[in-house]
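The structure file final-v5.txt is reproduced below (compact mmCIF, C-alpha atoms).
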# COMPACT_ATOMS: atom_id res chain seq x y z
CA MET O 1 147.64 116.06 116.79
CA GLN O 2 149.14 115.24 113.43
CA PRO O 3 148.16 117.17 110.27
CA PHE O 4 146.10 114.17 109.15
CA ASP O 5 143.97 114.42 112.30
CA TYR O 6 142.99 118.02 111.51
CA VAL O 7 142.20 117.22 107.88
CA ALA O 8 140.24 114.09 108.90
CA VAL O 9 138.05 116.07 111.31
CA LEU O 10 137.32 118.70 108.64
CA LEU O 11 136.44 116.08 106.04
CA SER O 12 134.36 114.09 108.56
CA ILE O 13 132.17 117.12 109.15
CA VAL O 14 131.46 117.52 105.44
CA ILE O 15 130.76 113.80 104.93
CA SER O 16 128.54 113.49 108.03
CA LEU O 17 126.44 116.40 106.79
CA ALA O 18 126.00 114.55 103.49
CA LEU O 19 124.44 111.60 105.33
CA ALA O 20 122.17 113.59 107.66
CA GLN O 21 119.01 113.35 105.57
CA GLY O 22 115.71 111.46 105.88
CA VAL O 23 113.66 109.15 103.60
CA ARG O 24 110.02 108.01 103.88
CA ARG O 25 108.76 106.23 100.72
CA PHE O 26 110.44 103.61 98.58
CA SER O 27 111.60 103.74 94.95
CA ILE O 28 114.07 101.17 93.59
CA PRO O 29 116.15 103.55 91.43
CA LEU O 30 116.19 106.24 94.12
CA ALA O 31 117.00 103.69 96.84
CA GLN O 32 119.98 102.56 94.74
CA TRP O 33 121.15 106.15 94.42
CA ILE O 34 120.80 106.72 98.16
CA LEU O 35 122.87 103.60 98.86
CA PHE O 36 125.36 104.72 96.22
CA SER O 37 125.74 108.09 97.98
CA LEU O 38 126.41 106.19 101.21
CA PHE O 39 129.00 104.08 99.38
CA LEU O 40 130.64 107.25 98.04
CA CYS O 41 130.99 108.52 101.61
CA VAL O 42 132.41 105.25 102.93
CA ASP O 43 134.77 104.83 99.97
CA TYR O 44 135.96 108.39 100.42
CA TRP O 45 136.62 107.75 104.09
CA PHE O 46 138.69 104.63 103.24
CA TYR O 47 140.62 106.69 100.71
CA VAL O 48 141.34 109.44 103.24
CA TRP O 49 142.16 106.96 106.00
CA HIS O 50 145.03 105.59 103.92
CA LEU O 51 146.53 109.07 103.88
CA HIS O 52 146.99 109.17 107.66
CA GLY O 53 150.73 108.62 107.34
CA GLU O 54 151.27 111.63 105.08
CA ARG O 55 153.48 114.28 106.63
CA LEU O 56 153.18 116.95 103.95
CA TRP O 57 149.77 118.40 103.20
CA SER O 58 149.96 120.99 100.44
CA LEU O 59 147.15 123.46 100.01
CA ALA O 60 146.48 122.06 96.53
CA TYR O 61 146.14 118.51 97.86
CA VAL O 62 143.82 119.54 100.71
CA GLY O 63 141.89 121.56 98.13
CA LEU O 64 141.45 118.45 95.98
CA LEU O 65 140.25 116.48 99.02
CA LEU O 66 137.80 119.24 99.93
CA THR O 67 136.58 119.38 96.32
CA GLN O 68 135.83 115.66 96.42
CA ALA O 69 134.14 115.88 99.85
CA SER O 70 132.09 118.89 98.74
CA MET O 71 130.94 117.18 95.55
CA ILE O 72 129.95 114.08 97.54
CA PHE O 73 128.03 116.34 99.92
CA ILE O 74 126.23 118.11 97.06
CA ALA O 75 125.39 114.81 95.33
CA ALA O 76 124.07 113.28 98.56
CA ARG O 77 122.07 116.41 99.33
CA LEU O 78 120.47 116.28 95.88
CA ILE O 79 119.90 112.49 95.97
CA VAL O 80 118.31 112.14 99.41
CA PRO O 81 114.94 113.86 99.80
CA ALA O 82 114.56 115.93 102.94
CA ALA O 83 112.03 114.62 105.41
CA SER O 84 108.88 116.68 105.71
CA ASP O 85 106.45 116.77 108.61
CA ASP O 86 103.71 118.11 106.33
CA CYS O 87 103.30 115.14 103.96
CA ALA O 88 104.84 111.87 102.86
CA ILE O 89 107.54 112.11 100.21
CA ASP O 90 106.70 110.64 96.80
CA MET O 91 110.11 109.19 95.99
CA THR O 92 109.17 108.33 92.39
CA ALA O 93 108.18 111.92 91.69
CA PHE O 94 111.27 113.13 93.57
CA PHE O 95 113.46 110.85 91.43
CA GLU O 96 111.91 112.02 88.17
CA ARG O 97 112.13 115.67 89.22
CA ASN O 98 115.73 115.62 90.50
CA ARG O 99 117.62 112.82 88.73
CA ARG O 100 119.24 115.10 86.15
CA LYS O 101 120.54 117.44 88.85
CA TYR O 102 122.30 114.82 90.92
CA MET O 103 123.40 112.70 87.97
CA ALA O 104 125.15 115.79 86.59
CA VAL O 105 126.98 116.24 89.91
CA VAL O 106 127.90 112.53 90.05
CA ILE O 107 129.20 112.69 86.46
CA ALA O 108 131.36 115.68 87.44
CA LEU O 109 132.49 113.86 90.59
CA ALA O 110 133.48 110.79 88.53
CA ALA O 111 135.47 113.01 86.18
CA VAL O 112 137.23 114.77 89.09
CA ASN O 113 137.94 111.46 90.83
CA GLY O 114 139.26 109.99 87.59
CA PHE O 115 141.55 112.97 87.09
CA ILE O 116 142.81 112.83 90.68
CA ASN O 117 143.34 109.07 90.68
CA LEU O 118 145.15 109.11 87.36
CA SER O 119 147.34 112.09 88.27
CA LEU O 120 148.48 110.97 91.74
CA PRO O 121 151.47 108.64 91.90
CA GLY O 122 150.49 105.05 92.71
CA PHE O 123 146.76 105.48 92.09
CA GLY O 124 146.31 105.52 88.34
CA SER O 125 145.66 102.44 86.26
CA LEU O 126 144.07 101.66 82.91
CA GLN O 127 141.55 99.43 84.70
CA LEU O 128 140.43 102.30 86.95
CA ALA O 129 140.30 104.72 84.03
CA LEU O 130 138.06 102.34 82.08
CA LEU O 131 135.82 101.87 85.11
CA VAL O 132 135.45 105.64 85.62
CA GLY O 133 134.74 105.99 81.90
CA ALA O 134 132.05 103.29 82.12
CA TRP O 135 130.48 105.13 85.07
CA ILE O 136 130.46 108.42 83.19
CA VAL O 137 128.79 106.78 80.17
CA LEU O 138 126.28 104.95 82.41
CA PHE O 139 125.35 108.08 84.33
CA GLY O 140 125.17 110.01 81.06
CA VAL O 141 122.62 107.50 79.74
CA GLY O 142 120.67 107.89 83.00
CA TRP O 143 120.85 111.66 82.68
CA LEU O 144 119.61 111.64 79.06
CA LEU O 145 116.89 108.97 79.07
CA PRO O 146 113.99 109.32 81.53
CA SER O 147 112.39 105.92 80.83
CA SER O 148 111.72 103.95 84.02
CA ARG O 149 113.19 100.82 82.39
CA VAL O 150 116.36 102.69 81.47
CA GLN O 151 116.60 104.07 85.02
CA LEU O 152 116.18 100.58 86.48
CA ALA O 153 118.86 99.25 84.11
CA VAL O 154 121.17 102.12 85.11
CA ALA O 155 120.57 101.28 88.78
CA VAL O 156 121.38 97.58 88.24
CA ALA O 157 124.47 98.38 86.16
CA ASN O 158 125.63 100.88 88.80
CA VAL O 159 125.29 98.23 91.53
CA LEU O 160 127.39 95.84 89.43
CA LEU O 161 130.07 98.45 88.65
CA THR O 162 130.16 99.57 92.28
CA GLY O 163 130.49 95.98 93.48
CA TYR O 164 133.34 95.38 91.05
CA TYR O 165 135.03 98.60 92.13
CA ALA O 166 134.63 97.73 95.83
CA VAL O 167 136.13 94.25 95.41
CA THR O 168 138.95 95.45 93.16
CA PHE O 169 139.96 98.87 94.50
CA VAL O 170 138.69 99.47 98.03
CA PRO O 171 141.47 98.48 100.41
CA SER O 172 140.81 97.22 103.88
CA LEU O 173 141.77 99.15 106.97

What would the structure in this file look like if it were written as structure tokens?
Amino acid sequence: MQPFDYVAVLLSIVISLALAQGVRRFSIPLAQWILFSLFLCVDYWFYVWHLHGERLWSLAYVGLLLTQASMIFIAARLIVPAASDDCAIDMTAFFERNRRKYMAVVIALAAVNGFINLSLPGFGSLQLALLVGAWIVLFGVGWLLPSSRVQLAVAVANVLLTGYYAVTFVPSL
């Protein structure tokens, strides 16, 4: 096995744990956040896949990758309500109760990703920096303002930004 294979297995475990949650009731803003957490996992996997040719894996670089994977795990764990056998999950109440927790983690994740992408050779661009900045501002508005209309607008804007990012920056295998 190559070093990439060992790192990929380790990161796959963290990411798969992030997705191993259950959902019962529907809420548009929360559903968007759940899909966004899935997108974060898939995008991260694409990012890591393109590293499979790397021969040198420094501890600092693996540490950065683990930091990203861990933050995605924490965000997904906070975003997706755990299934309960006792009663149905009220996703609207869950969203209102937990949005500030996971939005704070996603803001931190965006900042870390922006730092990593801008500091690694071949990854940084002004376009990506502006996009990460827009995400941080958008999530900050969502974190500050609890209005359901604001949260719906944040969800729609996040879908648009994510779509733009996916078309512009996510490479194919």

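Atom to atom, atom CA of Gln151 of chain O and atom CA of Asn98 of chain O stand 12.8 Å apart.
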
Requested in this report: Could you please determine the separation between atom CA of Ile13 of chain O and atom CA of Ile72 of chain O in Å, to one decimal place?
Outcome: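 It comes out at 12.2 Å.
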
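Here atom CA of Cys41 of chain O stands at a distance of 8.9 Å from atom CA of Ala76 of chain O.
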
Query raised in the report: Counting all atoms listed in the file, which of O:Ile116, O:Arg99, O:Asn158, O:Leu130 gets nearest to Leu144 of chain O?
Result: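 Once distances to Leu144 of chain O are computed over all atoms listed in the file, the minimum belongs to O:Arg99.
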
Requested in this report: Write out as an MDAnalysis selection string each polymer residue whose atoms come within 8 Å of Val105 of chain O, counting all atoms listed in the file; drop sequence neighbours fewer than 5 positions from it.
Outcome: chainID O and resid 71 74:75

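Omitting Trp57 of chain O and its sequence neighbours fewer than 4 positions away, and counting only C-alpha atoms, the residues within 12 Å are O:Gln2, O:Pro3, O:Phe4, O:Asp5, O:Tyr6, O:Val7, O:Ala8, O:Leu51, O:His52, O:Gly53, O:Tyr61, O:Val62, O:Gly63, O:Leu64, O:Leu65.
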
Query raised in the report: Given the choices O:Val150, O:Tyr47, O:Phe169, O:Met91, which gets closest to Gln68 of chain O if the distance is worked out from all atoms listed in the file?
Result: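 Of O:Val150, O:Tyr47, O:Phe169, O:Met91, the one nearest Gln68 of chain O, counting all atoms listed in the file, is O:Tyr47.
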
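Comparing O:Leu30, O:Leu131, O:Asn113, O:Val106 by their smallest distance to Tyr165 of chain O, the closest is O:Leu131 (using all atoms listed in the file).
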
Requested in this report: Could you check which of O:Leu66, O:Asp90, O:Ala166, O:Phe36 is closest to Val112 of chain O, using all atoms listed in the file?
Outcome: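 Of O:Leu66, O:Asp90, O:Ala166, O:Phe36, the one nearest Val112 of chain O, counting all atoms listed in the file, is O:Leu66.
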
Query raised in the report: Looking at all atoms listed in the file, which of O:Leu38, O:Met103, O:Ala110, O:Val159 is the one that sits closest to Pro146 of chain O?
Result: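 Of all the options, O:Met103 lies closest to Pro146 of chain O.
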